[in-house]
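One file, data32.txt, carrying compact mmCIF, C-alpha atoms:
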```txt
# COMPACT_ATOMS: atom_id res chain seq x y z
CA MET A 1 21.70 139.76 9.22
CA TYR A 2 23.43 141.56 12.09
CA VAL A 3 26.71 143.48 11.86
CA TYR A 4 28.41 144.62 15.07
CA LEU A 5 30.70 147.67 15.05
CA TYR A 6 33.06 147.44 18.02
CA ASP A 7 34.88 150.52 19.31
CA SER A 8 38.65 150.29 19.72
CA PHE A 9 38.48 150.81 23.50
CA LEU A 10 36.83 147.39 23.88
CA GLU A 11 40.22 145.80 23.24
CA GLN A 12 41.25 146.86 26.75
CA ARG A 13 41.57 143.98 29.16
CA LYS A 14 38.94 145.22 31.61
CA TYR A 15 36.21 144.90 28.96
CA ASN A 16 37.10 141.33 27.94
CA GLY A 17 34.65 139.78 30.40
CA ILE A 18 31.72 142.01 29.46
CA VAL A 19 32.33 141.55 25.72
CA LYS A 20 32.49 137.74 26.11
CA THR A 21 29.26 137.67 28.14
CA ILE A 22 27.55 139.83 25.53
CA GLU A 23 28.74 137.61 22.68
CA ASN A 24 27.46 134.52 24.51
CA ARG A 25 24.07 136.13 25.07
CA LEU A 26 23.84 137.19 21.43
CA THR A 27 24.47 133.56 20.42
CA ASP A 28 21.80 132.40 22.90
CA TYR A 29 19.26 134.77 21.35
CA GLY A 30 20.35 133.73 17.85
CA ILE A 31 21.30 137.23 16.80
CA SER A 32 25.06 136.94 16.61
CA GLY A 33 26.73 138.25 13.46
CA LYS A 34 29.76 139.74 11.80
CA ILE A 35 32.08 141.77 14.04
CA LEU A 36 33.97 144.79 12.69
CA ARG A 37 36.43 146.75 14.82
CA LEU A 38 36.53 150.51 14.36
CA ASN A 39 39.64 152.63 14.73
CA ASN A 40 39.79 156.29 15.72
CA PHE A 41 40.09 157.40 12.12
CA THR A 42 37.69 154.94 10.50
CA ASP A 43 34.83 156.49 8.59
CA ALA A 44 31.72 154.48 9.41
CA LYS A 45 29.77 155.49 6.29
CA PRO A 46 31.60 153.33 3.65
CA ILE A 47 31.69 150.38 6.08
CA ILE A 48 27.92 150.57 6.66
CA ASP A 49 27.20 151.00 2.93
CA ASP A 50 29.41 147.98 2.08
CA GLU A 51 27.72 145.80 4.66
CA ILE A 52 24.24 146.83 3.50
CA LYS A 53 25.26 145.82 -0.05
CA ARG A 54 26.34 142.42 1.35
CA GLY A 55 22.91 141.96 2.89
CA ALA A 56 23.17 143.48 6.37
CA THR A 57 19.86 144.76 7.71
CA ASN A 58 20.89 145.57 11.28
CA ILE A 59 23.93 147.61 12.29
CA VAL A 60 24.69 147.41 16.00
CA ILE A 61 27.00 149.97 17.62
CA VAL A 62 29.00 148.48 20.50
CA GLY A 63 30.76 151.07 22.66
CA ASN A 64 29.88 154.32 24.43
CA ASP A 65 28.49 157.82 23.67
CA LYS A 66 31.50 158.63 21.51
CA THR A 67 31.08 155.50 19.35
CA PHE A 68 27.35 156.21 19.04
CA GLY A 69 28.06 159.76 17.85
CA LEU A 70 30.84 158.82 15.44
CA VAL A 71 28.90 156.02 13.74
CA LEU A 72 25.48 157.66 13.51
CA SER A 73 26.74 161.09 12.46
CA ARG A 74 28.04 159.42 9.30
CA GLY A 75 25.68 156.49 8.99
CA ALA A 76 22.32 158.21 9.57
CA GLY A 77 20.16 158.06 6.50
CA SER A 78 21.38 154.57 5.59
CA ASN A 79 18.70 152.06 4.78
CA CYS A 80 19.08 149.80 7.85
CA VAL A 81 18.02 149.42 11.47
CA PHE A 82 20.49 150.60 14.09
CA GLY A 83 21.03 149.00 17.49
CA PHE A 84 23.18 150.06 20.42
CA LEU A 85 24.99 147.99 23.04
CA PRO A 86 26.45 150.42 25.62
CA ILE A 87 29.58 149.10 27.34
CA GLY A 88 31.03 150.34 30.63
CA VAL A 89 29.54 152.76 33.14
CA GLU A 90 31.39 155.94 32.20
CA ASN A 91 30.50 158.02 29.13
CA ASN A 92 27.16 156.34 28.64
CA THR A 93 24.51 159.05 28.91
CA VAL A 94 22.72 158.37 25.61
CA ALA A 95 21.71 154.78 26.48
CA PRO A 96 19.30 155.72 29.34
CA VAL A 97 17.61 158.26 27.02
CA LEU A 98 16.97 155.43 24.54
CA GLY A 99 15.86 153.11 27.36
CA ILE A 100 18.78 150.72 26.85
CA PRO A 101 20.38 149.25 30.00
CA LEU A 102 24.17 149.17 30.19
CA ASN A 103 26.40 146.17 29.42
CA GLU A 104 25.02 142.64 28.88
CA ASP A 105 21.40 143.55 29.80
CA SER A 106 21.25 145.63 26.63
CA VAL A 107 21.22 142.40 24.56
CA GLU A 108 17.67 141.72 25.74
CA VAL A 109 16.50 145.09 24.36
CA LEU A 110 18.24 144.32 21.07
CA ALA A 111 16.58 140.91 20.87
CA LYS A 112 13.12 142.37 21.51
CA ARG A 113 13.48 144.63 18.43
CA ARG A 114 11.24 147.49 19.51
CA LYS A 115 11.85 149.78 16.53
CA GLU A 116 11.32 153.54 16.60
CA LYS A 117 12.00 156.23 13.99
CA LEU A 118 14.02 159.01 15.57
CA ASP A 119 14.73 162.62 14.70
CA ILE A 120 18.30 163.83 14.45
CA GLY A 121 19.99 167.19 14.11
CA LEU A 122 21.44 168.63 10.92
CA VAL A 123 24.28 171.10 11.27
CA ASN A 124 25.36 172.77 8.01
CA ASN A 125 23.92 169.73 6.19
CA ARG A 126 25.87 167.23 8.33
CA PHE A 127 24.19 164.97 10.88
CA PHE A 128 24.79 165.18 14.59
CA VAL A 129 23.23 162.77 17.03
CA SER A 130 24.40 163.33 20.56
CA GLN A 131 25.40 166.93 21.31
CA LEU A 132 26.69 170.14 19.74
CA HIS A 133 28.75 172.47 21.88
CA VAL A 134 29.74 176.01 20.88
CA LEU A 135 32.55 177.02 23.22
CA PRO A 136 32.21 180.52 24.82
CA SER A 137 32.46 183.16 22.06
CA LYS A 138 30.70 186.29 20.82
CA VAL A 139 27.71 184.89 18.95
CA GLN A 140 24.09 185.72 18.30
CA VAL A 141 21.41 183.09 17.88
CA ILE A 142 18.37 183.32 15.58
CA TYR A 143 15.55 180.87 16.37
CA ASP A 144 13.07 179.56 13.81
CA ARG A 145 13.72 182.78 11.77
CA LYS A 146 11.48 184.57 14.26
CA PHE A 147 13.48 185.91 17.17
CA LYS A 148 17.08 186.76 17.94
CA VAL A 149 18.90 186.08 21.21
CA THR A 150 21.96 188.13 22.16
CA ALA A 151 24.13 188.63 25.22
CA ALA A 152 26.35 191.53 26.27
CA ASP A 153 29.56 189.47 26.11
CA LYS A 154 30.53 185.88 25.27
CA MET A 155 27.98 183.09 25.19
CA GLU A 156 28.20 179.29 25.38
CA VAL A 157 25.64 177.31 23.36
CA VAL A 158 24.85 173.63 23.82
CA VAL A 159 22.32 171.80 21.66
CA CYS A 160 21.17 168.41 22.93
CA ASN A 161 19.84 165.75 20.63
CA PHE A 162 20.12 162.35 22.36
CA GLN A 163 22.76 163.22 24.93
CA PRO A 164 21.63 165.11 28.05
CA PHE A 165 23.74 168.07 29.12
CA TYR A 166 25.13 168.08 32.68
CA TRP A 167 26.21 171.42 34.12
CA LYS A 168 27.00 173.24 37.35
CA LYS A 169 26.31 176.89 38.28
CA ASP A 170 29.99 177.43 39.13
CA LYS A 171 32.99 175.46 40.32
CA LYS A 172 31.74 175.42 43.93
CA ASP A 173 28.26 174.23 43.03
CA LYS A 174 27.80 170.65 44.21
CA GLU A 175 24.47 170.01 42.54
CA VAL A 176 24.74 168.69 38.99
CA ARG A 177 21.88 169.98 36.82
CA VAL A 178 20.62 168.20 33.74
CA VAL A 179 19.03 169.35 30.49
CA HIS A 180 17.09 166.47 28.94
CA PRO A 181 16.45 165.99 25.27
CA GLN A 182 12.83 166.10 24.11
CA ASP A 183 11.15 164.40 21.21
CA GLY A 184 10.27 166.36 18.08
CA LYS A 185 12.47 169.32 18.99
CA LEU A 186 16.09 170.12 19.61
CA GLU A 187 16.97 171.78 22.87
CA ALA A 188 19.33 174.76 22.96
CA PHE A 189 20.98 175.73 26.19
CA LEU A 190 22.57 179.20 26.32
CA ARG A 191 24.92 180.40 29.05
CA PRO A 192 26.21 183.98 28.79
CA LEU A 193 29.48 184.87 30.45
CA THR A 194 30.24 188.16 32.16
CA LYS A 195 33.65 189.49 33.08
CA SER A 196 34.62 189.20 36.74
CA GLY A 197 37.95 190.65 37.76
CA PHE A 198 40.87 191.16 35.38
CA PHE A 199 41.07 187.76 33.72
CA GLY A 200 38.19 185.58 34.77
CA TYR A 201 34.71 185.12 33.34
CA LYS A 202 31.65 184.15 35.32
CA TYR A 203 28.79 182.03 34.00
CA GLU A 204 25.36 183.66 34.20
CA GLU A 205 22.10 181.83 34.72
CA PRO A 206 21.27 179.75 31.62
CA SER A 207 18.47 180.16 29.08
CA ILE A 208 16.73 177.17 27.50
CA PHE A 209 14.96 177.26 24.12
CA PRO A 210 13.39 174.28 22.34
CA PHE A 211 13.52 174.81 18.55
CA GLU A 212 13.28 173.25 15.11
CA GLU A 213 15.57 175.61 13.23
CA MET A 214 18.39 177.75 14.54
CA GLU A 215 21.23 179.86 13.19
CA ILE A 216 24.35 180.77 15.15
CA ILE A 217 26.28 183.73 13.75
CA GLY A 218 29.67 184.63 15.20
CA GLU A 219 31.51 187.95 15.13
CA SER A 220 34.63 185.90 14.36
CA ALA A 221 35.31 182.17 13.91
CA PHE A 222 34.25 180.11 16.92
CA LEU A 223 35.05 176.58 18.10
CA VAL A 224 32.34 173.96 17.79
CA GLU A 225 32.39 170.44 19.21
CA THR A 226 30.02 168.13 17.35
CA ASP A 227 29.71 164.49 18.49
CA GLY A 228 33.18 164.73 20.04
CA ARG A 229 34.88 166.36 17.00
CA GLN A 230 36.09 169.97 17.05
CA THR A 231 35.80 172.37 14.10
CA LYS A 232 35.97 176.14 13.59
CA GLU A 233 32.93 177.83 12.10
CA ILE A 234 31.60 181.34 11.55
CA ASN A 235 28.00 180.48 10.72
CA LEU A 236 26.04 177.42 11.84
CA LYS A 237 22.64 176.41 10.57
CA LEU A 238 20.91 173.81 12.70
CA LYS A 239 17.79 171.94 11.74
CA LEU A 240 15.80 168.95 12.86
CA ALA A 241 15.67 166.07 10.39
CA LYS A 242 12.58 164.09 11.27
CA ASN A 243 12.40 160.27 11.29
CA LYS A 244 15.90 159.93 9.88
CA ILE A 245 17.10 156.91 11.90
CA GLU A 246 15.32 153.66 12.57
CA MET A 247 16.59 152.46 15.90
CA ILE A 248 15.96 149.61 18.34
CA VAL A 249 14.99 151.22 21.65
CA GLY A 250 13.99 150.06 25.13
CA LYS A 251 10.69 150.28 26.99
CA ASN A 252 12.04 152.86 29.45
CA ARG A 253 13.01 155.41 26.81
CA MET A 254 12.50 159.07 27.65
CA PHE A 255 10.35 160.09 24.69
CA MET B 256 32.45 136.42 39.89
CA ILE B 257 33.95 139.87 40.29
CA PHE B 258 32.37 140.98 37.05
CA GLN B 259 28.99 139.57 38.03
CA LYS B 260 28.99 141.50 41.32
CA GLN B 261 29.90 144.73 39.57
CA ASN B 262 27.24 144.24 36.95
CA LYS B 263 24.52 143.81 39.55
CA GLN B 264 25.58 147.06 41.13
CA ASN B 265 25.64 148.74 37.75
CA THR B 266 22.10 147.74 36.89
CA GLU B 267 20.86 148.92 40.28
CA GLU B 268 22.66 152.24 39.86
CA GLN B 269 21.23 152.61 36.40
CA GLU B 270 17.67 151.90 37.53
CA VAL B 271 18.02 154.62 40.18
CA TYR B 272 19.46 156.96 37.55
CA ILE B 273 16.56 156.32 35.15
CA GLU B 274 14.04 156.92 37.94
CA GLN B 275 15.76 160.18 38.88
CA THR B 276 15.96 161.42 35.31
CA ASN B 277 12.31 160.54 34.64
CA ARG B 278 11.30 162.57 37.68
CA GLU B 279 13.43 165.48 36.52
CA THR B 280 11.91 165.50 33.03
CA GLU B 281 8.41 165.76 34.52
CA ASP B 282 9.44 168.95 36.35
CA ASN B 283 11.21 170.35 33.31
CA ILE B 284 10.30 173.86 32.19
CA ASP B 285 10.10 174.44 28.47
CA THR B 286 11.54 177.86 27.69
CA VAL B 287 13.68 180.02 29.97
CA VAL B 288 15.00 183.48 29.08
CA GLY B 289 17.97 184.06 31.38
CA PRO B 290 18.67 187.34 33.21
CA SER B 291 21.52 188.58 31.03
CA VAL B 292 19.95 187.61 27.72
CA ASN B 293 18.12 189.90 25.31
CA VAL B 294 15.42 188.49 23.00
CA GLU B 295 14.21 190.45 19.97
CA GLY B 296 11.37 189.49 17.62
CA ASP B 297 8.24 187.35 17.72
CA PHE B 298 8.93 185.14 20.68
CA SER B 299 6.50 182.26 20.74
CA SER B 300 6.49 178.88 22.45
CA GLU B 301 4.08 175.99 22.82
CA GLY B 302 5.18 175.38 26.39
CA ASN B 303 5.64 177.43 29.53
CA ILE B 304 7.83 180.53 29.33
CA ILE B 305 9.89 181.99 32.17
CA VAL B 306 11.32 185.45 31.52
CA LYS B 307 14.21 186.64 33.68
CA GLY B 308 15.82 188.95 31.09
CA THR B 309 14.54 191.36 28.43
CA VAL B 310 12.15 190.64 25.57
CA ASN B 311 11.43 193.11 22.75
CA GLY B 312 8.77 192.41 20.10
CA SER B 313 5.88 190.12 20.93
CA VAL B 314 5.39 187.18 23.29
CA HIS B 315 2.96 184.36 22.68
CA THR B 316 2.33 181.12 24.56
CA SER B 317 -0.72 178.95 24.96
CA ARG B 318 0.43 177.97 28.43
CA VAL B 319 1.86 179.82 31.45
CA LEU B 320 4.01 182.94 31.14
CA SER B 321 6.01 183.89 34.19
CA VAL B 322 7.87 187.20 34.38
CA GLU B 323 10.35 187.30 37.27
CA PRO B 324 11.25 190.43 39.30
CA GLY B 325 13.72 192.56 37.35
CA ALA B 326 12.64 191.14 33.99
CA LYS B 327 11.32 193.46 31.28
CA ILE B 328 8.94 192.76 28.42
CA ILE B 329 8.52 195.55 25.86
CA ALA B 330 5.96 193.76 23.77
CA ASN B 331 2.36 192.77 23.33
CA VAL B 332 1.70 189.60 25.28
CA ARG B 333 -0.71 186.74 24.60
CA ALA B 334 -0.75 183.86 27.08
CA GLY B 335 -2.91 181.09 28.53
CA SER B 336 -2.16 182.22 32.08
CA ALA B 337 0.39 184.67 33.42
CA LEU B 338 2.23 185.45 36.61
CA ILE B 339 3.88 188.87 36.48
CA ALA B 340 6.45 190.14 38.97
CA GLY B 341 8.48 192.25 36.53
CA GLU B 342 7.72 195.00 34.04
CA VAL B 343 5.47 194.72 30.97
CA ARG B 344 5.18 197.59 28.47
CA GLY B 345 2.49 196.55 26.05
CA ASN B 346 -1.02 195.19 25.85
CA MET B 347 -1.74 191.86 27.54
CA LYS B 348 -4.32 189.34 26.45
CA VAL B 349 -4.57 186.45 28.91
CA LYS B 350 -7.04 183.62 28.31
CA GLU B 351 -7.41 182.36 31.88
CA SER B 352 -5.87 183.93 34.99
CA LEU B 353 -3.42 186.79 35.50
CA GLU B 354 -1.60 187.27 38.77
CA LEU B 355 0.23 190.52 39.44
CA ALA B 356 2.79 190.38 42.25
CA SER B 357 3.65 193.42 44.40
CA THR B 358 6.69 194.17 42.21
CA ALA B 359 4.71 194.10 38.94
CA ARG B 360 4.53 197.17 36.67
CA ILE B 361 2.13 197.05 33.74
CA LEU B 362 1.96 199.87 31.19
CA GLY B 363 -0.74 198.79 28.79
CA ASP B 364 -4.25 197.43 28.46
CA ILE B 365 -5.16 194.10 30.03
CA GLU B 366 -7.76 191.64 28.76
CA VAL B 367 -8.25 188.73 31.15
CA LYS B 368 -10.82 186.34 32.59
CA ILE B 369 -9.56 186.08 36.20
CA LEU B 370 -7.37 188.80 37.69
CA SER B 371 -5.59 189.00 41.03
CA ILE B 372 -3.48 191.98 42.06
CA GLU B 373 -1.19 192.07 45.08
CA PRO B 374 -0.94 195.39 46.96
CA GLY B 375 1.94 197.41 45.53
CA ALA B 376 1.48 196.38 41.90
CA ILE B 377 1.26 199.27 39.41
CA VAL B 378 -1.11 199.18 36.46
CA PHE B 379 -1.51 201.97 33.92
CA GLY B 380 -4.09 200.99 31.32
CA LYS B 381 -7.57 199.68 30.67
CA ILE B 382 -8.64 196.38 32.19
CA THR B 383 -11.29 194.40 30.33
CA MET B 384 -12.88 191.25 31.71
CA PRO B 385 -15.63 189.17 30.12
CA GLY B 386 -18.79 188.63 32.12
CA ILE B 387 -20.63 191.96 31.88
CA GLU B 388 -21.74 192.04 28.26
CA GLY B 389 -23.79 194.83 26.70
CA VAL B 390 -22.52 197.66 28.91
CA GLU B 391 -21.44 200.71 26.98
CA ILE B 392 -19.17 203.11 28.80
CA LYS B 393 -19.27 206.63 27.48
CA SER B 394 -17.14 209.45 28.76
CA GLY B 395 -19.63 212.25 27.94
CA ARG B 396 -23.36 212.63 28.56
CA ARG B 397 -25.25 209.37 28.59
CA SER B 398 -28.62 208.87 26.94
CA LYS B 399 -31.67 208.16 29.07
CA LYS B 400 -32.01 204.66 27.61
CA THR B 401 -28.48 203.55 28.55
CA GLU B 402 -28.87 205.12 32.00
CA GLU B 403 -32.00 203.08 32.59
CA GLN B 404 -30.28 199.91 31.34
CA SER B 405 -27.25 200.39 33.55
CA ALA B 406 -29.47 201.11 36.57
CA GLU B 407 -31.35 197.87 35.93
CA GLN B 408 -28.10 195.94 35.57
CA SER B 409 -26.59 197.39 38.73
CA ASP B 410 -29.76 196.46 40.60
CA GLU B 411 -29.38 192.92 39.29
CA TYR B 412 -25.77 192.71 40.41
CA LEU B 413 -26.57 194.12 43.83
CA GLY B 414 -29.13 191.39 44.23
```

For this file, produce the structure as structure tokens.
Amino acid sequence: MYVYLYDSFLEQRKYNGIVKTIENRLTDYGISGKILRLNNFTDAKPIIDDEIKRGATNIVIVGNDKTFGLVLSRGAGSNCVFGFLPIGVENNTVAPVLGIPLNEDSVEVLAKRRKEKLDIGLVNNRFFVSQLHVLPSKVQVIYDRKFKVTAADKMEVVVCNFQPFYWKKDKKDKEVRVVHPQDGKLEAFLRPLTKSGFFGYKYEEPSIFPFEEMEIIGESAFLVETDGRQTKEINLKLKLAKNKIEMIVGKNRMF
Amino acid sequence: MIFQKQNKQNTEEQEVYIEQTNRETEDNIDTVVGPSVNVEGDFSSEGNIIVKGTVNGSVHTSRVLSVEPGAKIIANVRAGSALIAGEVRGNMKVKESLELASTARILGDIEVKILSIEPGAIVFGKITMPGIEGVEIKSGRRSKKTEEQSAEQSDEYLG
């Protein structure tokens, strides 16, 4: 049995057409099911657990990167298969990594049911699926309990799981650079900042470290953005939880 | 109709995007130590390593190690292959080839199979290369036997 978790943004008029086409295609393939609409403050975990108790075997996330992050960060570890139907063009960077085309073409991938067990990140014993972003602050990073990375001043840390990280050298830089997630490892992207002038900071050239275990220790509390949610932390322990999610993926996936 | 047109465009755009990203991942470099970053400890990686900053401790990779001009490694190094244009203070053990650029400064012993040194590179240490086995180098007086052996070997090498 299929359960579809719709994001609240799909209620906007401009998505009506796409959603209808998708629902028609799902009926054609014979995989239509129960539709649940998520709100901004809905916790996905109890919903998924309830539906699994009622016999659901497939939970399909319908939305964008944010929906994907919000649902899987709570729902990972549940005993079901996850699917993803990315809607819209903006804020959909995870879908190409999983080999899922955008909008109604994604139904075909869902119908084919190519299942793959995926690794996800664990941050202080909570799951994160798309990206973790430590905003510029004075931190030091310890990798795999083997080596320590420090910078003279502030440092920005980005850890990619499924979501690639897009960045520019500075404001004038026209070329958008990408850090792609890899399989079997998390990818940490470090950008130190140096003071330039009285007020401003300048980004230095980045460092990239693939890792399985990492600890971020701050001199004082620092801001962290995990799957679109901001928290303040002083110590972060990141790990890779292997084969934690069973997910329906496309042929063109990047791992 | 409007939606259909847009969707066609979207899929085309996405195909191009996937192609681009696939190409980019092929060129991706595994580990990069940036210029203003300091690494301390046993730094090891299964992939290629590019060092632009400072590394203290030890460096180990089974693949290519590249040390950029201005970078500094104060550590013993073990690598599959290496390309050095910065400074290395420590012993180096390279399995395949080692290239020293004109800006390279090595303070330590080198053990390598294939070595190439650009004019201007500075090396202070012992270089050992496999290929001439059984040669004993002694600083003091040499025995008659070893002298005879080395004479024979040098004759062989000269043809």

Practice prompt. Between CA of Val71 (chain A) and CA of Phe189 (chain A), measure the distance and give it in Å to one decimal.
Written response: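 Distance between the two atoms: 24.6 Å.
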
Worksheet item: Which distance in Å separates CA of Gly250 (chain A) and CA of Gly99 (chain A), to one decimal?
Response: 4.2 Å

Please identify every residue of chain B that has at least one atom no more than 7 Å from any atom of chain A, counting only C-alpha atoms, and report them as a compact mmCIF listing (two decimals) with C-alpha atoms, keeping the file's coordinate frame.
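Saved as part32.txt:
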```txt
# COMPACT_ATOMS: atom_id res chain seq x y z
CA ILE B 273 16.56 156.32 35.15
CA THR B 280 11.91 165.50 33.03
CA ASP B 285 10.10 174.44 28.47
CA THR B 286 11.54 177.86 27.69
CA VAL B 287 13.68 180.02 29.97
CA VAL B 288 15.00 183.48 29.08
CA GLY B 289 17.97 184.06 31.38
CA PRO B 290 18.67 187.34 33.21
CA SER B 291 21.52 188.58 31.03
CA VAL B 292 19.95 187.61 27.72
CA ASN B 293 18.12 189.90 25.31
CA VAL B 294 15.42 188.49 23.00
CA GLU B 295 14.21 190.45 19.97
CA GLY B 296 11.37 189.49 17.62
CA ASP B 297 8.24 187.35 17.72
CA PHE B 298 8.93 185.14 20.68
```

Practice prompt. Around the point (17.3, 156.2, 7.1), in the coordinates given by the file, pick out the residues reaching within 8 Å, counting only C-alpha atoms, and return them as a PyMOL selection string.
Written response: chain A and resi 76-80+243-246

Worksheet item: CA of Leu353 (chain B) and CA of Leu370 (chain B) are how many Å apart?
Response: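 We find that CA of Leu353 (chain B) and CA of Leu370 (chain B) lie 4.9 Å from each other.
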
Write out as a PDB file with C-alpha atoms, keeping the file's coordinate frame which residues come within 8 Å of Glu354 (chain B) when counting only C-alpha atoms, dropping same-chain ones fewer than 3 positions away.
```pdb
ATOM      1  CA  ALA B 337       0.390 184.670  33.420  1.00  0.00           C
ATOM      2  CA  LEU B 338       2.230 185.450  36.610  1.00  0.00           C
ATOM      3  CA  ILE B 339       3.880 188.870  36.480  1.00  0.00           C
ATOM      4  CA  LEU B 370      -7.370 188.800  37.690  1.00  0.00           C
ATOM      5  CA  SER B 371      -5.590 189.000  41.030  1.00  0.00           C
ATOM      6  CA  ILE B 372      -3.480 191.980  42.060  1.00  0.00           C
ATOM      7  CA  GLU B 373      -1.190 192.070  45.080  1.00  0.00           C
TER       8      GLU B 373
END
```

Would you compute an axis-aligned box for region 230-247 of chain A, covering every atom listed for it in the file with 8 Å of margin on each side, and report centre and edge lengths in Å to one decimal as AutoDock Vina command-line options?
```
--center_x 24.2 --center_y 166.9 --center_z 13.5 --size_x 39.7 --size_y 44.9 --size_z 23.2
```

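Take the candidates B:Val319, B:Ala376, B:Val314, B:Val306 and check each one against Gly335 (chain B) using only C-alpha atoms; the shortest distance goes to B:Val319.
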
Item to complete: Do a neighbour search on Asn161 (chain A) at 7 Å with all atoms listed in the file, toss out local chain neighbours closer than 3 positions, and write the hits as a count of residues only.
Response: 7

Worksheet entry | Which residue of B:Ser299, B:Ser336, B:Gly312, B:Ser357 approaches Pro324 (chain B) most closely, using all atoms listed in the file |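 Of all the options, B:Ser357 lies closest to Pro324 (chain B).
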
Please provide the set of residues having any atom within 12 Å of Asn40 (chain A), restricted to only C-alpha atoms, with same-chain residues fewer than 4 positions apart removed, written as a JSON list (two decimals) with C-alpha atoms, in the coordinates of the input.
```json
[["chain", "number", "residue", "atom", "x", "y", "z"],
["A", 6, "TYR", "CA", 33.06, 147.44, 18.02],
["A", 7, "ASP", "CA", 34.88, 150.52, 19.31],
["A", 8, "SER", "CA", 38.65, 150.29, 19.72],
["A", 9, "PHE", "CA", 38.48, 150.81, 23.50],
["A", 44, "ALA", "CA", 31.72, 154.48, 9.41],
["A", 66, "LYS", "CA", 31.50, 158.63, 21.51],
["A", 67, "THR", "CA", 31.08, 155.50, 19.35],
["A", 70, "LEU", "CA", 30.84, 158.82, 15.44],
["A", 71, "VAL", "CA", 28.90, 156.02, 13.74],
["A", 228, "GLY", "CA", 33.18, 164.73, 20.04],
["A", 229, "ARG", "CA", 34.88, 166.36, 17.00]]
```

Worksheet item: Could you pull the residues within 9 Å of Ile328 (chain B), counting only C-alpha atoms, minus those fewer than 3 positions along the same chain, as a ChimeraX atom specification?
Response: /B:306,308-314,322,331-332,341-345

Worksheet entry | Within-7 Å shell of (24.7, 137.3, 14.4) in input frame, all atoms listed in the file, as a ChimeraX atom specification | /A:1-3,30-34

Find the residues around Gly218 (chain A) up to 7 Å (only C-alpha atoms counted), leave out those fewer than 6 positions away in its own chain, and share them as a short mmCIF file (atom, residue, chain, number, x, y, z; two decimals) with C-alpha atoms, in the frame of the given file.
```cif
data_model
loop_
_atom_site.label_atom_id
_atom_site.label_comp_id
_atom_site.auth_asym_id
_atom_site.auth_seq_id
_atom_site.Cartn_x
_atom_site.Cartn_y
_atom_site.Cartn_z
CA LYS A 138 30.70 186.29 20.82
CA VAL A 139 27.71 184.89 18.95
CA GLN A 140 24.09 185.72 18.30
CA ILE A 234 31.60 181.34 11.55
CA ASN A 235 28.00 180.48 10.72
#
```

Practice prompt. Counting all atoms listed in the file, figure out which residue out of A:Val159, A:Ala111, A:Ile100, A:Ile87 gets nearest to Phe128 (chain A).
Written response: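 Of A:Val159, A:Ala111, A:Ile100, A:Ile87, the one nearest Phe128 (chain A) is A:Val159, counting all atoms listed in the file.
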
Taking the partial coordinates given, rebuild region 232-243 of chain A to contain N, CA and C atoms; return it as a PDB file, in the coordinates of the input.
```
ATOM      1  N   LYS A 232      36.124 174.693  13.451  1.00  0.00           N
ATOM      2  CA  LYS A 232      35.970 176.140  13.590  1.00  0.00           C
ATOM      3  C   LYS A 232      34.965 176.617  12.557  1.00  0.00           C
ATOM      4  N   GLU A 233      33.976 177.373  13.015  1.00  0.00           N
ATOM      5  CA  GLU A 233      32.930 177.830  12.100  1.00  0.00           C
ATOM      6  C   GLU A 233      32.676 179.312  12.318  1.00  0.00           C
ATOM      7  N   ILE A 234      32.006 179.949  11.362  1.00  0.00           N
ATOM      8  CA  ILE A 234      31.600 181.340  11.550  1.00  0.00           C
ATOM      9  C   ILE A 234      30.083 181.471  11.486  1.00  0.00           C
ATOM     10  N   ASN A 235      29.459 180.489  10.840  1.00  0.00           N
ATOM     11  CA  ASN A 235      28.000 180.480  10.720  1.00  0.00           C
ATOM     12  C   ASN A 235      27.509 179.036  10.798  1.00  0.00           C
ATOM     13  N   LEU A 236      26.570 178.786  11.687  1.00  0.00           N
ATOM     14  CA  LEU A 236      26.040 177.420  11.840  1.00  0.00           C
ATOM     15  C   LEU A 236      24.540 177.421  11.619  1.00  0.00           C
ATOM     16  N   LYS A 237      24.085 176.534  10.755  1.00  0.00           N
ATOM     17  CA  LYS A 237      22.640 176.410  10.570  1.00  0.00           C
ATOM     18  C   LYS A 237      22.212 175.046  11.093  1.00  0.00           C
ATOM     19  N   LEU A 238      21.347 175.065  12.081  1.00  0.00           N
ATOM     20  CA  LEU A 238      20.910 173.810  12.700  1.00  0.00           C
ATOM     21  C   LEU A 238      19.446 173.548  12.391  1.00  0.00           C
ATOM     22  N   LYS A 239      19.154 172.315  12.088  1.00  0.00           N
ATOM     23  CA  LYS A 239      17.790 171.940  11.740  1.00  0.00           C
ATOM     24  C   LYS A 239      17.473 170.594  12.354  1.00  0.00           C
ATOM     25  N   LEU A 240      16.204 170.267  12.375  1.00  0.00           N
ATOM     26  CA  LEU A 240      15.800 168.950  12.860  1.00  0.00           C
ATOM     27  C   LEU A 240      15.379 168.104  11.659  1.00  0.00           C
ATOM     28  N   ALA A 241      16.057 166.988  11.462  1.00  0.00           N
ATOM     29  CA  ALA A 241      15.670 166.070  10.390  1.00  0.00           C
ATOM     30  C   ALA A 241      14.795 165.002  11.004  1.00  0.00           C
ATOM     31  N   LYS A 242      13.533 164.991  10.601  1.00  0.00           N
ATOM     32  CA  LYS A 242      12.580 164.090  11.270  1.00  0.00           C
ATOM     33  C   LYS A 242      12.625 162.677  10.707  1.00  0.00           C
ATOM     34  N   ASN A 243      12.462 161.708  11.628  1.00  0.00           N
ATOM     35  CA  ASN A 243      12.400 160.270  11.290  1.00  0.00           C
ATOM     36  C   ASN A 243      13.553 159.810  10.391  1.00  0.00           C
TER      37      ASN A 243
END
```
